[in-house]
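In what follows, a structure is listed as structure tokens, so that the remarks can point back to it.
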Amino acid sequence: MSERNATDHADHATDITASAVVGHVEAAPDLVAIRHYLHAHPERSFKEYDTSIYLADQLKAHGVEVLDNPLETGVVGLVRGEGGPGPRVALRADIDGLPIVEDTGLPFASVNEGVMHGCGHDLHMTGLLGAAFWLAAHRDRFAGSVKILFQPSEETGQGAFAMLDAGLLDDVDAIIGTHNNPNYRPGEVAVGVEPMMAGCVRFQVTLHADGTHAGYPHKGTGPIEALASMVLELQTIVSRNVNALHPLVLSITEVHGGRVWNVVPAEAGFQGTVRYFHKEDSLLAERRFKAVVEHTAEAFGITADVAWDDFQDPVVSDAPLARAVAADVRGYAALEPIRPSMAGEDFCEFARTTRSVFAFIGSNGEEGCADWHSPRFVGLDASIPTFVDFYVNAALRVLAELGTSGSGSGDAAR
């Protein structure tokens, strides 16, 4: 949210009870050690078995109720407020690592070969643990309840679906999530009404031709030349078809075809991704993409199959809740404008079933620092207190907002 938008809604914040705002909270002293342990022991998507055990044990040790979870990995906790019945708000952190060999030189670098928390999910988990600890120790500060969701497999785009399919969001009136962002400094928060993370498409193209001897190319219809032409032509979709003021990315990330030096292959292909913030751009890209592939294949006398999976929407917060949460940020952090990311986040799936708020939490900010998914990505310990502050304050604010508006479904029968 911009400085102007936050100011516009400052009066709204004063309408809510002062107890909804706590500002800086006293974070548990062992959070840095917890973060270092989590960073050193990353696990791949849907294989976060030890991570889930560790998180559950931490919650139990701090008086947080751990609920049954029908999924093999992930953890669900619950903190019931002592202020009476009220809404139920969920706080979510993702927990999976990436198939990356870490190259940070950190003393707590990954000890699990070929796996790294290269997207900073260790920071997310640590921040949510800290918030859960504080909420469990201050139940008298709120009515209703807070559900703690440690979500598996965000990196595959399937973890949110799994939690929704398991019914873990059925009793939730709103959900709050975060993502560390190394392009902001520790102590900075970006939250507001603008789109934050991009919608995602995965495409895959398979070309079918008549293979032949490399010395007799005229006796076949090899796919390699067609593939090369397609790769070049597809790059004009963004530059020549899309409004220059609309962010859109088309990246071809994998190409294959042939395994023998003297054989023209009968099959080749490529895959990649499109990232967007405007749905009409995604639809335009799909139409132009399929037209380029189809017409190029026809020109080379081959056929093509196209798989186009528009599987993830942009991440956009619920406007009234985001404004209310943003109005509190200056009590514990620097409120920064949203700088949209072309990376995707399956947190968007939760917005299909409940109201949602999402924020970037600054995790580095040094000039030239590595970004997400780099083997040199470094998130700083100094960002942990801001994660805790945001989760706690946002949870209390959203509970107060929903309780005041009467939009919560009530916690008494749960």
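Every chain in the structure tokens takes a letter, A first, then B, and so on in the order presented; its residues are numbered from 1, and the ligands are numbered from 1 following the presented order.
Every protein, DNA or RNA residue with an atom at most 10 Å from Phe311 in chain A, where only C-alpha atoms count and chain neighbours fewer than 6 positions away do not, is listed here: Gly157, Gln158, Gly199, Cys200, Val201, Arg202, Asp346 and Glu349 of chain A.
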If we count only C-alpha atoms and set the cut-off at 8 Å, which residues sit around range 224-237 of chain A, ignoring sequence neighbours fewer than 4 positions away in its own chain? Please answer as a CSV table (one decimal) with N, CA, C and O atoms, in the first residue's frame.
chain,number,residue,atom,x,y,z
A,207,LEU,N,6.4,-31.5,-30.4
A,207,LEU,CA,6.4,-31.5,-31.9
A,207,LEU,C,6.6,-32.9,-32.4
A,207,LEU,O,7.5,-33.6,-32.0
A,241,ASN,N,2.2,-7.4,-28.7
A,241,ASN,CA,0.7,-7.7,-28.6
A,241,ASN,C,0.1,-7.2,-27.3
A,241,ASN,O,-1.1,-7.0,-27.2
A,242,VAL,N,1.0,-6.9,-26.3
A,242,VAL,CA,0.5,-6.6,-25.0
A,242,VAL,C,0.7,-5.1,-24.6
A,242,VAL,O,1.8,-4.5,-25.0
A,250,LEU,N,7.0,-14.1,-20.7
A,250,LEU,CA,6.9,-15.4,-21.3
A,250,LEU,C,8.4,-15.9,-21.3
A,250,LEU,O,9.2,-15.3,-22.0
A,252,ILE,N,10.8,-19.4,-21.9
A,252,ILE,CA,11.0,-20.8,-22.3
A,252,ILE,C,12.2,-21.3,-21.5
A,252,ILE,O,13.3,-20.7,-21.7
A,257,GLY,N,15.2,-32.4,-27.7
A,257,GLY,CA,15.0,-32.9,-29.0
A,257,GLY,C,16.3,-33.7,-29.6
A,257,GLY,O,17.3,-33.0,-29.7
A,265,PRO,N,15.7,-36.2,-35.3
A,265,PRO,CA,14.7,-36.8,-34.5
A,265,PRO,C,13.3,-36.7,-35.0
A,265,PRO,O,13.0,-35.8,-35.8
A,268,ALA,N,10.5,-33.5,-30.7
A,268,ALA,CA,11.2,-32.5,-30.0
A,268,ALA,C,10.2,-31.7,-29.2
A,268,ALA,O,8.9,-31.8,-29.4
A,269,GLY,N,10.6,-30.8,-28.3
A,269,GLY,CA,9.7,-30.0,-27.6
A,269,GLY,C,10.3,-29.0,-26.7
A,269,GLY,O,11.5,-28.9,-26.6
A,270,PHE,N,9.5,-28.2,-26.0
A,270,PHE,CA,10.0,-27.2,-25.0
A,270,PHE,C,8.8,-26.9,-24.0
A,270,PHE,O,7.7,-27.2,-24.3
A,285,ALA,N,-2.2,-14.0,-24.5
A,285,ALA,CA,-1.0,-14.8,-24.6
A,285,ALA,C,-1.3,-16.2,-25.1
A,285,ALA,O,-0.6,-16.8,-25.9
A,288,ARG,N,-2.3,-16.1,-28.9
A,288,ARG,CA,-1.2,-15.9,-29.8
A,288,ARG,C,-0.2,-17.0,-29.7
A,288,ARG,O,0.4,-17.4,-30.7
A,289,PHE,N,0.0,-17.6,-28.5
A,289,PHE,CA,1.0,-18.7,-28.4
A,289,PHE,C,0.5,-19.9,-29.3
A,289,PHE,O,1.3,-20.5,-30.0
A,292,VAL,N,0.9,-19.2,-33.0
A,292,VAL,CA,2.3,-19.2,-33.5
A,292,VAL,C,2.8,-20.7,-33.6
A,292,VAL,O,3.4,-21.1,-34.6
A,293,VAL,N,2.5,-21.5,-32.6
A,293,VAL,CA,2.9,-22.9,-32.7
A,293,VAL,C,2.2,-23.6,-33.8
A,293,VAL,O,2.9,-24.4,-34.6
A,296,THR,N,3.4,-22.3,-37.3
A,296,THR,CA,4.8,-22.6,-37.6
A,296,THR,C,5.0,-24.1,-37.9
A,296,THR,O,5.7,-24.5,-38.8
A,297,ALA,N,4.3,-24.9,-37.1
A,297,ALA,CA,4.3,-26.4,-37.3
A,297,ALA,C,3.8,-26.7,-38.7
A,297,ALA,O,4.4,-27.5,-39.5
A,300,PHE,N,6.3,-26.0,-41.5
A,300,PHE,CA,7.4,-27.0,-41.5
A,300,PHE,C,6.9,-28.4,-41.8
A,300,PHE,O,7.7,-29.3,-41.8
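Using only C-alpha atoms, the contacts of Val79 in chain A at a cut-off of 8 Å, with sequence neighbours closer than 3 positions omitted, comprise Val64, Glu65, Ala132, Leu135, Ala136, Arg139, Ser145, Val146, Lys147 and Ile148 of chain A.
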Do you know which residues are at most 8 Å from range 25-31 of chain A counting only C-alpha atoms, after dropping those on the same chain fewer than 5 positions away, and could you put them as a short mmCIF file (atom, residue, chain, number, x, y, z; two decimals) with all heavy atoms, in the first residue's frame?
data_model
loop_
_atom_site.label_atom_id
_atom_site.label_comp_id
_atom_site.auth_asym_id
_atom_site.auth_seq_id
_atom_site.Cartn_x
_atom_site.Cartn_y
_atom_site.Cartn_z
N THR A 126 9.48 -19.57 11.11
CA THR A 126 9.95 -19.01 12.39
C THR A 126 9.06 -17.87 12.84
O THR A 126 8.68 -17.78 14.02
CB THR A 126 11.40 -18.53 12.25
OG1 THR A 126 12.22 -19.60 11.78
CG2 THR A 126 11.93 -18.03 13.58
N GLY A 130 6.76 -17.75 16.25
CA GLY A 130 6.84 -16.67 17.23
C GLY A 130 5.50 -16.04 17.51
O GLY A 130 5.17 -15.72 18.66
N ALA A 131 4.70 -15.86 16.46
CA ALA A 131 3.36 -15.28 16.65
C ALA A 131 2.47 -16.23 17.43
O ALA A 131 1.71 -15.81 18.32
CB ALA A 131 2.74 -14.97 15.28
N PHE A 133 3.40 -18.46 19.60
CA PHE A 133 3.84 -18.45 21.00
C PHE A 133 3.23 -17.24 21.72
O PHE A 133 2.72 -17.37 22.85
CB PHE A 133 5.36 -18.37 21.09
CG PHE A 133 6.12 -19.51 20.46
CD1 PHE A 133 7.48 -19.41 20.24
CD2 PHE A 133 5.47 -20.68 20.08
CE1 PHE A 133 8.19 -20.45 19.67
CE2 PHE A 133 6.18 -21.74 19.49
CZ PHE A 133 7.54 -21.61 19.29
N TRP A 134 3.30 -16.06 21.10
CA TRP A 134 2.80 -14.84 21.73
C TRP A 134 1.28 -14.92 21.93
O TRP A 134 0.76 -14.58 23.01
CB TRP A 134 3.15 -13.62 20.89
CG TRP A 134 2.87 -12.32 21.59
CD1 TRP A 134 3.73 -11.58 22.33
CD2 TRP A 134 1.61 -11.62 21.62
NE1 TRP A 134 3.11 -10.46 22.83
CE2 TRP A 134 1.81 -10.46 22.41
CE3 TRP A 134 0.36 -11.85 21.07
CZ2 TRP A 134 0.78 -9.54 22.65
CZ3 TRP A 134 -0.67 -10.94 21.32
CH2 TRP A 134 -0.46 -9.80 22.09
N ILE A 384 13.16 -11.49 11.42
CA ILE A 384 12.25 -12.34 12.20
C ILE A 384 11.30 -11.53 13.08
O ILE A 384 10.09 -11.81 13.10
CB ILE A 384 13.06 -13.37 13.03
CG1 ILE A 384 13.80 -14.34 12.11
CG2 ILE A 384 12.14 -14.13 13.99
CD1 ILE A 384 14.79 -15.25 12.83
N PRO A 385 11.78 -10.53 13.83
CA PRO A 385 10.83 -9.78 14.68
C PRO A 385 9.70 -9.14 13.89
O PRO A 385 8.57 -9.06 14.40
CB PRO A 385 11.73 -8.73 15.34
CG PRO A 385 13.10 -9.31 15.34
CD PRO A 385 13.18 -10.09 14.06
N VAL A 388 7.00 -11.68 13.20
CA VAL A 388 6.18 -11.91 14.39
C VAL A 388 5.23 -10.74 14.62
O VAL A 388 4.02 -10.94 14.84
CB VAL A 388 7.09 -12.10 15.63
CG1 VAL A 388 6.23 -12.31 16.88
CG2 VAL A 388 8.02 -13.30 15.44
N ASP A 389 5.74 -9.53 14.53
CA ASP A 389 4.91 -8.33 14.72
C ASP A 389 3.75 -8.31 13.73
O ASP A 389 2.61 -8.00 14.09
CB ASP A 389 5.74 -7.06 14.56
CG ASP A 389 6.68 -6.80 15.72
OD1 ASP A 389 6.47 -7.39 16.80
OD2 ASP A 389 7.64 -6.02 15.54
#
* Structure fact -> Residue with the minimum atom-to-atom distance to Pro247 in chain A, picked from A:Met197, A:Met163, A:Ile338, A:Ala382 with only C-alpha atoms counted, is A:Met197
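A straight line drawn from CA of His24 in chain A to CA of Tyr54 in chain A is 26.4 Å long.
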* Given only C-alpha atoms as the counted atoms, nearest of A:Lys60, A:Asp309, A:Ala162, A:Pro87 to Gly144 in chain A -> A:Pro87
* Residue set, range 248-344 of chain A restricted to strand (DSSP E), as a ChimeraX atom specification -> /A:248-257,263-264,267-276,303-312,334-335
Using the selection just defined, write its residues with N, CA, C and O atoms as a compact mmCIF listing (two decimals), in the first residue's frame.
# COMPACT_ATOMS: atom_id res chain seq x y z
N LEU A 248 3.99 -8.53 -18.18
CA LEU A 248 3.77 -9.88 -18.70
C LEU A 248 5.12 -10.47 -19.06
O LEU A 248 5.95 -9.81 -19.69
N VAL A 249 5.35 -11.70 -18.65
CA VAL A 249 6.60 -12.40 -18.94
C VAL A 249 6.29 -13.73 -19.59
O VAL A 249 5.39 -14.46 -19.13
N LEU A 250 7.00 -14.06 -20.67
CA LEU A 250 6.94 -15.39 -21.29
C LEU A 250 8.36 -15.92 -21.34
O LEU A 250 9.22 -15.33 -22.01
N SER A 251 8.62 -16.99 -20.63
CA SER A 251 9.97 -17.56 -20.55
C SER A 251 9.95 -19.02 -20.98
O SER A 251 9.17 -19.81 -20.44
N ILE A 252 10.79 -19.36 -21.93
CA ILE A 252 11.00 -20.76 -22.32
C ILE A 252 12.20 -21.25 -21.54
O ILE A 252 13.31 -20.70 -21.65
N THR A 253 11.99 -22.27 -20.74
CA THR A 253 12.99 -22.66 -19.75
C THR A 253 13.61 -24.03 -19.98
O THR A 253 14.59 -24.39 -19.32
N GLU A 254 13.03 -24.82 -20.91
CA GLU A 254 13.58 -26.17 -21.18
C GLU A 254 13.29 -26.54 -22.61
O GLU A 254 12.17 -26.35 -23.10
N VAL A 255 14.32 -27.01 -23.31
CA VAL A 255 14.20 -27.42 -24.71
C VAL A 255 14.83 -28.81 -24.85
O VAL A 255 15.88 -29.09 -24.27
N HIS A 256 14.18 -29.66 -25.62
CA HIS A 256 14.74 -31.00 -25.82
C HIS A 256 14.44 -31.48 -27.25
O HIS A 256 13.48 -31.04 -27.87
N GLY A 257 15.25 -32.38 -27.72
CA GLY A 257 15.04 -32.95 -29.05
C GLY A 257 16.27 -33.66 -29.55
O GLY A 257 17.33 -33.05 -29.71
N VAL A 263 21.19 -38.45 -36.47
CA VAL A 263 19.78 -38.77 -36.69
C VAL A 263 18.94 -37.50 -36.50
O VAL A 263 19.07 -36.82 -35.48
N VAL A 264 18.12 -37.18 -37.49
CA VAL A 264 17.13 -36.12 -37.32
C VAL A 264 15.98 -36.72 -36.51
O VAL A 264 15.35 -37.68 -36.96
N GLU A 267 10.81 -36.37 -32.80
CA GLU A 267 10.08 -35.62 -31.78
C GLU A 267 11.01 -34.63 -31.09
O GLU A 267 12.19 -34.90 -30.91
N ALA A 268 10.48 -33.49 -30.74
CA ALA A 268 11.20 -32.48 -29.96
C ALA A 268 10.16 -31.68 -29.19
O ALA A 268 8.95 -31.84 -29.39
N GLY A 269 10.63 -30.79 -28.33
CA GLY A 269 9.66 -30.00 -27.57
C GLY A 269 10.31 -29.00 -26.66
O GLY A 269 11.54 -28.91 -26.55
N PHE A 270 9.47 -28.24 -25.99
CA PHE A 270 9.96 -27.24 -25.04
C PHE A 270 8.85 -26.93 -24.04
O PHE A 270 7.67 -27.24 -24.27
N GLN A 271 9.23 -26.33 -22.93
CA GLN A 271 8.26 -25.92 -21.93
C GLN A 271 8.73 -24.63 -21.27
O GLN A 271 9.87 -24.20 -21.43
N GLY A 272 7.83 -24.02 -20.52
CA GLY A 272 8.16 -22.77 -19.85
C GLY A 272 6.98 -22.20 -19.12
O GLY A 272 6.02 -22.93 -18.77
N THR A 273 6.99 -20.89 -18.91
CA THR A 273 5.96 -20.27 -18.08
C THR A 273 5.61 -18.89 -18.60
O THR A 273 6.42 -18.22 -19.24
N VAL A 274 4.38 -18.47 -18.31
CA VAL A 274 3.91 -17.11 -18.51
C VAL A 274 3.50 -16.57 -17.14
O VAL A 274 2.86 -17.28 -16.36
N ARG A 275 3.87 -15.33 -16.85
CA ARG A 275 3.49 -14.67 -15.60
C ARG A 275 2.74 -13.39 -15.94
O ARG A 275 3.16 -12.64 -16.83
N TYR A 276 1.65 -13.11 -15.22
CA TYR A 276 0.80 -11.99 -15.58
C TYR A 276 0.09 -11.43 -14.36
O TYR A 276 0.00 -12.08 -13.31
N THR A 303 3.38 -31.63 -36.92
CA THR A 303 2.24 -31.34 -36.04
C THR A 303 2.75 -31.01 -34.64
O THR A 303 3.90 -31.32 -34.29
N ALA A 304 1.88 -30.36 -33.88
CA ALA A 304 2.28 -29.93 -32.54
C ALA A 304 1.13 -30.10 -31.55
O ALA A 304 -0.03 -29.86 -31.88
N ASP A 305 1.47 -30.53 -30.35
CA ASP A 305 0.53 -30.59 -29.23
C ASP A 305 0.92 -29.51 -28.23
O ASP A 305 2.10 -29.38 -27.87
N VAL A 306 -0.07 -28.76 -27.76
CA VAL A 306 0.18 -27.70 -26.79
C VAL A 306 -0.61 -27.97 -25.52
O VAL A 306 -1.83 -28.16 -25.57
N ALA A 307 0.07 -28.01 -24.39
CA ALA A 307 -0.58 -28.08 -23.07
C ALA A 307 -0.41 -26.73 -22.40
O ALA A 307 0.73 -26.27 -22.23
N TRP A 308 -1.51 -26.09 -22.06
CA TRP A 308 -1.49 -24.74 -21.48
C TRP A 308 -2.24 -24.79 -20.16
O TRP A 308 -3.45 -24.99 -20.13
N ASP A 309 -1.54 -24.65 -19.05
CA ASP A 309 -2.15 -24.78 -17.72
C ASP A 309 -2.05 -23.45 -16.98
O ASP A 309 -1.00 -23.10 -16.44
N ASP A 310 -3.14 -22.70 -16.99
CA ASP A 310 -3.21 -21.43 -16.26
C ASP A 310 -3.67 -21.77 -14.84
O ASP A 310 -4.85 -21.71 -14.51
N PHE A 311 -2.70 -22.12 -13.98
CA PHE A 311 -3.04 -22.80 -12.73
C PHE A 311 -3.03 -21.91 -11.49
O PHE A 311 -3.40 -22.36 -10.41
N GLN A 312 -2.62 -20.64 -11.64
CA GLN A 312 -2.50 -19.83 -10.44
C GLN A 312 -2.83 -18.38 -10.74
O GLN A 312 -2.27 -17.79 -11.67
N ALA A 334 8.20 -0.06 9.07
CA ALA A 334 8.08 0.95 8.02
C ALA A 334 7.16 0.42 6.93
O ALA A 334 7.41 -0.65 6.37
N LEU A 335 6.09 1.15 6.65
CA LEU A 335 5.16 0.75 5.60
C LEU A 335 5.70 1.20 4.25
O LEU A 335 5.91 2.40 4.02
